[in-house]
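J.: Below are the structure tokens for one structure; questions will follow.
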Amino acid sequence: MEVDGQISGGKLSRVQIKQLGDELGRSFVSIALQEARALTVDLGRYTLPLGLKANDGNALKKKIRQDIMRIFPSIDDGDIGAVRIYGLLEAKSPDDARAFWTAHKSGDREEMENVLAKRIAGVPKRMNRAVHKAARRGKYGRVPHDAIAYAVVNARTRESYIRKAQKNAGMAKAGWLGAGRGLGGRVRRGGGRSGGTSEVFPAWVRKAGARRKLGSASVTGGRGRLRIILRNSVRHAEEALPVGLQAVAENAAQARFVQSLLKAKAYSVNKARRKMRAS
């Protein structure tokens, strides 16, 4: 996914822009990159699940757990797991599916295990990463609610698999963090040449983007006109970012950029006036 934007100095001439940079010690390019970095933060915030707080990460991890449990149920999952296992068994042997359900309702765990282990063949008992990946055919890379279970697994083994999968929570957001870093400086709150002083992307997003390149950026042009392209290479990034919210983020970035130029120009004018008064 790409966000491609043309940035210009508006009515300011190239000479004015250069003078502005000389007097402020900051160039037009510096201001543009500042707001482009801020845009990556907004794009990350509006990428589903919405938000960049610790609790937002916890909510996403909960959904990942639910996805995995849909296709890899265990007899320890209670009624919900039993329903999923029943659906898996019914396609192979309706009689054994009914026997399993009867054992579940009576709380006979031994008979439940007996049905799965001895009375029916062809039911996978291991998790398969490729199956999990293929099952993520729903919106935003989720496993849909109507997904058919694939294997009946050990709950403890599944928990280990879930913890590993949860480490990837926030990859679509981490793609925008990668794009911001591709602009140079730090993607932090507060603006400025280095991007500010306080972390914006939380730890669960930074971990998802660690040791992999999920985003990048390119800048062409110079002085009073730039083209900045932000790239998020995560497969479901475009689907995870609603078009309307993307437009909100881009419009806000443009407005901030104009305001930054106006503030810089006003500072330059006031500085010149102070010099005249002093002389």
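We label chains A, B, ... in the order they appear in the structure tokens, count residues from 1 in each chain, and number ligands from 1 in the order shown.
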Can you tell me, as a PyMOL selection string, what residues are no more than 10 Å from A:Ala169 when counting only C-alpha atoms, ignoring any on the same chain fewer than 3 positions away?
T.: chain A and resi 57-64+164-166+172-174+204-209
J.: Store the residues picked out above, limited to N, CA and C atoms, as a PDB file, in the first residue's frame.
T.:
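The result, written out as part_39.pdb:
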```
ATOM      1  N   GLY A  57      -3.584  -2.951  21.871  1.00  0.00           N
ATOM      2  CA  GLY A  57      -2.803  -4.141  21.565  1.00  0.00           C
ATOM      3  C   GLY A  57      -3.380  -5.370  22.247  1.00  0.00           C
ATOM      4  N   ASN A  58      -3.857  -5.203  23.475  1.00  0.00           N
ATOM      5  CA  ASN A  58      -4.462  -6.324  24.193  1.00  0.00           C
ATOM      6  C   ASN A  58      -5.720  -6.817  23.487  1.00  0.00           C
ATOM      7  N   ALA A  59      -6.514  -5.866  22.950  1.00  0.00           N
ATOM      8  CA  ALA A  59      -7.727  -6.237  22.226  1.00  0.00           C
ATOM      9  C   ALA A  59      -7.389  -7.026  20.972  1.00  0.00           C
ATOM     10  N   LEU A  60      -6.328  -6.612  20.272  1.00  0.00           N
ATOM     11  CA  LEU A  60      -5.923  -7.315  19.052  1.00  0.00           C
ATOM     12  C   LEU A  60      -5.419  -8.717  19.379  1.00  0.00           C
ATOM     13  N   LYS A  61      -4.657  -8.850  20.456  1.00  0.00           N
ATOM     14  CA  LYS A  61      -4.161 -10.165  20.847  1.00  0.00           C
ATOM     15  C   LYS A  61      -5.307 -11.102  21.210  1.00  0.00           C
ATOM     16  N   LYS A  62      -6.353 -10.542  21.788  1.00  0.00           N
ATOM     17  CA  LYS A  62      -7.533 -11.341  22.123  1.00  0.00           C
ATOM     18  C   LYS A  62      -8.191 -11.874  20.850  1.00  0.00           C
ATOM     19  N   LYS A  63      -8.242 -11.042  19.818  1.00  0.00           N
ATOM     20  CA  LYS A  63      -8.837 -11.479  18.556  1.00  0.00           C
ATOM     21  C   LYS A  63      -7.992 -12.562  17.888  1.00  0.00           C
ATOM     22  N   ILE A  64      -6.672 -12.432  17.989  1.00  0.00           N
ATOM     23  CA  ILE A  64      -5.788 -13.460  17.436  1.00  0.00           C
ATOM     24  C   ILE A  64      -6.036 -14.796  18.126  1.00  0.00           C
ATOM     25  N   LYS A 164       3.192 -17.138  20.258  1.00  0.00           N
ATOM     26  CA  LYS A 164       4.083 -16.795  19.151  1.00  0.00           C
ATOM     27  C   LYS A 164       3.350 -15.957  18.112  1.00  0.00           C
ATOM     28  N   ALA A 165       2.107 -16.312  17.815  1.00  0.00           N
ATOM     29  CA  ALA A 165       1.330 -15.564  16.826  1.00  0.00           C
ATOM     30  C   ALA A 165       1.032 -14.154  17.309  1.00  0.00           C
ATOM     31  N   GLN A 166       0.812 -13.995  18.611  1.00  0.00           N
ATOM     32  CA  GLN A 166       0.486 -12.681  19.159  1.00  0.00           C
ATOM     33  C   GLN A 166       1.654 -11.710  19.073  1.00  0.00           C
ATOM     34  N   ALA A 172       0.335  -4.411  10.596  1.00  0.00           N
ATOM     35  CA  ALA A 172      -0.127  -3.381   9.658  1.00  0.00           C
ATOM     36  C   ALA A 172       0.230  -1.988  10.173  1.00  0.00           C
ATOM     37  N   LYS A 173       0.124  -1.792  11.474  1.00  0.00           N
ATOM     38  CA  LYS A 173       0.516  -0.515  12.069  1.00  0.00           C
ATOM     39  C   LYS A 173       2.031  -0.335  11.995  1.00  0.00           C
ATOM     40  N   ALA A 174       2.766  -1.436  12.221  1.00  0.00           N
ATOM     41  CA  ALA A 174       4.229  -1.377  12.187  1.00  0.00           C
ATOM     42  C   ALA A 174       4.732  -1.008  10.798  1.00  0.00           C
ATOM     43  N   TRP A 204       3.977  -2.843  21.603  1.00  0.00           N
ATOM     44  CA  TRP A 204       3.455  -4.014  20.882  1.00  0.00           C
ATOM     45  C   TRP A 204       3.522  -3.817  19.371  1.00  0.00           C
ATOM     46  N   VAL A 205       3.498  -2.558  18.905  1.00  0.00           N
ATOM     47  CA  VAL A 205       3.675  -2.292  17.474  1.00  0.00           C
ATOM     48  C   VAL A 205       5.152  -2.356  17.107  1.00  0.00           C
ATOM     49  N   ARG A 206       6.001  -1.774  17.943  1.00  0.00           N
ATOM     50  CA  ARG A 206       7.434  -1.800  17.658  1.00  0.00           C
ATOM     51  C   ARG A 206       7.970  -3.221  17.618  1.00  0.00           C
ATOM     52  N   LYS A 207       7.455  -4.082  18.494  1.00  0.00           N
ATOM     53  CA  LYS A 207       7.889  -5.481  18.503  1.00  0.00           C
ATOM     54  C   LYS A 207       7.460  -6.192  17.218  1.00  0.00           C
ATOM     55  N   ALA A 208       6.259  -5.867  16.734  1.00  0.00           N
ATOM     56  CA  ALA A 208       5.774  -6.501  15.499  1.00  0.00           C
ATOM     57  C   ALA A 208       6.646  -6.131  14.312  1.00  0.00           C
ATOM     58  N   GLY A 209       7.246  -4.933  14.371  1.00  0.00           N
ATOM     59  CA  GLY A 209       8.073  -4.479  13.255  1.00  0.00           C
ATOM     60  C   GLY A 209       9.554  -4.720  13.456  1.00  0.00           C
TER      61      GLY A 209
END
```
J.: Quick one: pull the distance between atom CA of A:Val41 and atom CA of A:Ile162, Å, one decimal.
T.: 27.7 Å
J.: Apply DSSP to the structure's backbone, then extract all residues of stretch 36-250 of chain A labelled strand (DSSP E) and return them as a list in words.
T.: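 Here are the strand (DSSP E) residues of stretch 36-250 of chain A: Arg188, Arg189, Gly190, Gly196, Thr197, Ser198, Glu199, Gly215, Ser216, Ala217, Ser218, Val219, Thr220, Gly221, Gly222, Arg225, Leu226, Arg227, Ile228, Ile229, Leu230, Arg231 and Asn232 of chain A.
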J.: Write out as a ChimeraX atom specification each polymer residue whose atoms come within 8 Å of A:Arg158, counting only C-alpha atoms; drop sequence neighbours fewer than 4 positions from it.
T.: /A:72,127,153-154,162
J.: Residues as selected, C-alpha atoms, written as a PDB file, in the first residue's frame, can you do that?
T.:
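Result saved to selection29.pdb:
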```pdb
ATOM      1  CA  PHE A  72      -7.797 -25.446  16.263  1.00  0.00           C
ATOM      2  CA  MET A 127      -1.699 -27.223  14.322  1.00  0.00           C
ATOM      3  CA  VAL A 153      -5.441 -30.108  19.436  1.00  0.00           C
ATOM      4  CA  ASN A 154      -3.861 -30.131  22.860  1.00  0.00           C
ATOM      5  CA  ILE A 162      -0.938 -18.480  20.264  1.00  0.00           C
TER       6      ILE A 162
END
```
J.: Which residues, written as a ChimeraX atom specification, have at least one atom at most 9 Å from stretch 257-261 of chain A, with only C-alpha atoms counted and residues fewer than 3 positions away on the same chain left out?
T.: /A:7,9-10,28,31-32,34-36,252-254,264-266
J.: Excluding A:Tyr161 and any residue of its chain fewer than 6 positions from it, enumerate the residues within 10 Å of it, using only C-alpha atoms, and give them as a VMD selection string.
T.: chain A and resid 65 68 127 to 129 155
J.: Using only C-alpha atoms, which residue out of A:Leu245, A:Ala38, A:Val83, A:Val115 lies closest to A:Asp95?
T.: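 Closest residue, counting only C-alpha atoms: A:Val115.
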J.: Would you compute the distance between atom CA of A:Gln66 and atom CA of A:Ser93? Give it in Å to one decimal.
T.: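 Result for atom CA of A:Gln66 versus atom CA of A:Ser93: 26.2 Å, one decimal.
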J.: How many Å lie between atom CA of A:Gly170 and atom CA of A:Asp67, rounded to one decimal?
T.: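 Interatomic distance, atom CA of A:Gly170 to atom CA of A:Asp67: 15.1 Å.
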